[in-house]
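Take a look at the structure set out below.
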Amino acid sequence: MADAYKVCLVGPSNVGKSYLCRLLADTPGPPGYETTAGCRIQELERQVGSERVNVQVWDCSGDERYHGCLPALASGVNGLMLVYNPEKDDQESELERWYQAFASAGMGNLVTSLVRILAIKTSPGAPRKDYGMHGKLKRLHHTTVCLPPNPSEAKEGTAIAAQELDRLLEAIIVRKKEKEEQNIVDNSEY
């Protein structure tokens, strides 16, 4: 896939990052939880405004033993989706560590418009509570989706997650155009 935008999905283990990738790509996968070893790359084609864009979604393992790979994962990244399960306690501090790791490992241009937080619930009937962030990440865009284990029941949540990916891609495209325009201005002779 030529000239693809790179978006990394990161967060704690066993929150649904791989499942989300399979749903976005509309590819069947094995039933149940499957641990990601390091990273899986899912290539997608998306319609963003009037542009057809290619995107590589890097499904990064939440396992601590792969944190040494962060510089390689962060290299050339255009956008970041922090993913967690709001039905599990104390994941905000882990998301903050992922955010800081990407900010220091190569995504120094990590501006808030290039980061999204996605809370993945698995139970439609789960009690509603405030799933927003309360610490350092509270200024980031945050969305909650419901992705039940049965893919046929996850269509609405998948559509919302796809909209979030598209909004992130829109921000990436705007940022890229701004940089290109700035380069033209910087390199022009007056």
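Chain labels follow the order of the structure tokens: the first chain is A, the next B, and so on; residue numbering restarts at 1 in every chain, and ligands are counted from 1 in their shown order.
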Subject >> Shell of 9 Å around region 155-172 of chain A, only C-alpha atoms, local chain residues under 4 positions omitted, as a VMD selection string >> reply: chain A and resid 5 7 20 23 to 24 46 to 49 53 55 78 to 81 113 to 116 118 120 143 to 148 151 176 to 177
Subject >> Contact residues around Ser61 (chain A) with only C-alpha atoms at 12 Å, ignoring same-chain residues under 3 positions, as a PyMOL selection string >> reply: chain A and resi 8-18+34-41+58+64-70+73+83+98
Keeping only N, CA, C and O atoms, write those residues as a CSV table (one decimal), in the first residue's frame.
```
chain,number,residue,atom,x,y,z
A,8,CYS,N,-1.3,4.2,15.1
A,8,CYS,CA,-1.1,3.1,16.0
A,8,CYS,C,-2.3,3.0,17.0
A,8,CYS,O,-2.7,4.1,17.5
A,9,LEU,N,-2.7,1.8,17.3
A,9,LEU,CA,-3.7,1.5,18.3
A,9,LEU,C,-2.9,1.0,19.5
A,9,LEU,O,-2.3,0.0,19.4
A,10,VAL,N,-2.9,1.7,20.6
A,10,VAL,CA,-2.2,1.2,21.8
A,10,VAL,C,-3.1,1.3,23.0
A,10,VAL,O,-4.1,2.0,23.1
A,11,GLY,N,-2.7,0.5,24.0
A,11,GLY,CA,-3.4,0.5,25.3
A,11,GLY,C,-3.2,-0.8,26.0
A,11,GLY,O,-2.4,-1.6,25.6
A,12,PRO,N,-3.8,-1.0,27.2
A,12,PRO,CA,-3.6,-2.1,28.0
A,12,PRO,C,-3.9,-3.4,27.2
A,12,PRO,O,-4.7,-3.4,26.2
A,13,SER,N,-3.5,-4.5,27.7
A,13,SER,CA,-3.8,-5.8,27.1
A,13,SER,C,-5.2,-6.2,27.3
A,13,SER,O,-5.9,-5.8,28.2
A,14,ASN,N,-5.8,-6.9,26.3
A,14,ASN,CA,-7.1,-7.5,26.4
A,14,ASN,C,-8.2,-6.5,26.6
A,14,ASN,O,-9.1,-6.6,27.4
A,15,VAL,N,-8.1,-5.4,25.7
A,15,VAL,CA,-9.2,-4.4,25.7
A,15,VAL,C,-10.0,-4.4,24.4
A,15,VAL,O,-10.9,-3.6,24.3
A,16,GLY,N,-9.5,-5.1,23.4
A,16,GLY,CA,-10.2,-5.2,22.1
A,16,GLY,C,-9.6,-4.5,20.9
A,16,GLY,O,-10.3,-4.2,19.9
A,17,LYS,N,-8.3,-4.2,21.0
A,17,LYS,CA,-7.6,-3.5,19.9
A,17,LYS,C,-7.7,-4.3,18.6
A,17,LYS,O,-8.0,-3.9,17.6
A,18,SER,N,-7.3,-5.6,18.8
A,18,SER,CA,-7.3,-6.5,17.6
A,18,SER,C,-8.7,-6.7,17.0
A,18,SER,O,-8.9,-6.8,15.8
A,34,GLU,N,-7.5,-13.3,21.4
A,34,GLU,CA,-6.2,-13.7,20.8
A,34,GLU,C,-5.2,-12.7,21.1
A,34,GLU,O,-5.3,-11.5,20.7
A,35,THR,N,-4.1,-13.1,21.8
A,35,THR,CA,-3.1,-12.2,22.2
A,35,THR,C,-2.3,-11.7,21.0
A,35,THR,O,-1.9,-12.5,20.1
A,36,THR,N,-2.0,-10.4,20.9
A,36,THR,CA,-1.1,-9.9,19.9
A,36,THR,C,0.3,-10.0,20.3
A,36,THR,O,0.7,-9.6,21.4
A,37,ALA,N,1.1,-10.6,19.4
A,37,ALA,CA,2.6,-10.8,19.7
A,37,ALA,C,3.3,-9.6,19.0
A,37,ALA,O,3.5,-9.6,17.8
A,38,GLY,N,3.6,-8.6,19.8
A,38,GLY,CA,4.3,-7.4,19.2
A,38,GLY,C,3.4,-6.5,18.6
A,38,GLY,O,2.9,-5.5,19.2
A,39,CYS,N,3.1,-6.7,17.3
A,39,CYS,CA,2.3,-5.8,16.5
A,39,CYS,C,1.7,-6.5,15.3
A,39,CYS,O,2.4,-7.4,14.7
A,40,ARG,N,0.5,-6.2,14.9
A,40,ARG,CA,-0.1,-6.6,13.7
A,40,ARG,C,-0.4,-5.3,12.9
A,40,ARG,O,-0.9,-4.3,13.5
A,41,ILE,N,-0.3,-5.4,11.6
A,41,ILE,CA,-0.6,-4.2,10.7
A,41,ILE,C,-1.8,-4.6,9.8
A,41,ILE,O,-1.7,-5.6,9.1
A,58,TRP,N,-1.7,0.0,13.0
A,58,TRP,CA,-0.8,-0.8,13.7
A,58,TRP,C,-1.4,-1.2,15.1
A,58,TRP,O,-1.6,-0.3,15.9
A,64,GLU,N,3.6,-5.6,28.5
A,64,GLU,CA,4.8,-4.8,28.9
A,64,GLU,C,6.1,-5.3,28.3
A,64,GLU,O,7.0,-4.5,28.0
A,65,ARG,N,6.2,-6.6,27.9
A,65,ARG,CA,7.5,-7.1,27.4
A,65,ARG,C,7.8,-6.5,26.0
A,65,ARG,O,8.9,-6.6,25.5
A,66,TYR,N,6.8,-5.9,25.3
A,66,TYR,CA,7.0,-5.2,24.0
A,66,TYR,C,7.3,-3.7,24.1
A,66,TYR,O,7.5,-3.1,23.1
A,67,HIS,N,7.3,-3.2,25.3
A,67,HIS,CA,7.5,-1.7,25.4
A,67,HIS,C,8.9,-1.3,24.9
A,67,HIS,O,9.1,-0.2,24.5
A,68,GLY,N,9.9,-2.2,24.8
A,68,GLY,CA,11.2,-1.9,24.2
A,68,GLY,C,11.1,-1.6,22.7
A,68,GLY,O,12.0,-1.0,22.2
A,69,CYS,N,10.0,-2.0,22.1
A,69,CYS,CA,9.8,-1.8,20.7
A,69,CYS,C,9.2,-0.5,20.4
A,69,CYS,O,9.0,-0.1,19.2
A,70,LEU,N,8.8,0.3,21.4
A,70,LEU,CA,8.1,1.6,21.1
A,70,LEU,C,8.8,2.5,20.2
A,70,LEU,O,8.1,3.1,19.3
A,73,LEU,N,7.8,1.3,16.8
A,73,LEU,CA,6.4,1.5,16.6
A,73,LEU,C,6.1,3.0,16.3
A,73,LEU,O,5.3,3.3,15.5
A,83,VAL,N,-6.6,3.1,23.4
A,83,VAL,CA,-7.8,2.2,23.5
A,83,VAL,C,-7.8,1.6,24.9
A,83,VAL,O,-6.7,1.1,25.3
A,98,TRP,N,1.4,5.1,27.9
A,98,TRP,CA,1.4,4.9,26.4
A,98,TRP,C,1.6,6.3,25.7
A,98,TRP,O,2.4,6.4,24.8
```
**OP:** List every residue of region 28-164 of chain A that DSSP, applied to the backbone of this structure, assigns to alpha helix (DSSP H), and report them as JSON, numbers by chain.
**Re:** {"A": [70, 71, 72, 73, 74, 92, 93, 94, 95, 96, 97, 98, 99, 100, 101, 102, 103, 104, 155, 156, 157, 158, 159, 160, 161, 162, 163, 164]}
**OP:** Excluding Glu43 (chain A) and any residue of its chain fewer than 6 positions from it, enumerate the residues within 8 Å of it, using only C-alpha atoms, and give them as a PyMOL selection string.
**Re:** chain A and resi 1+25+54-57
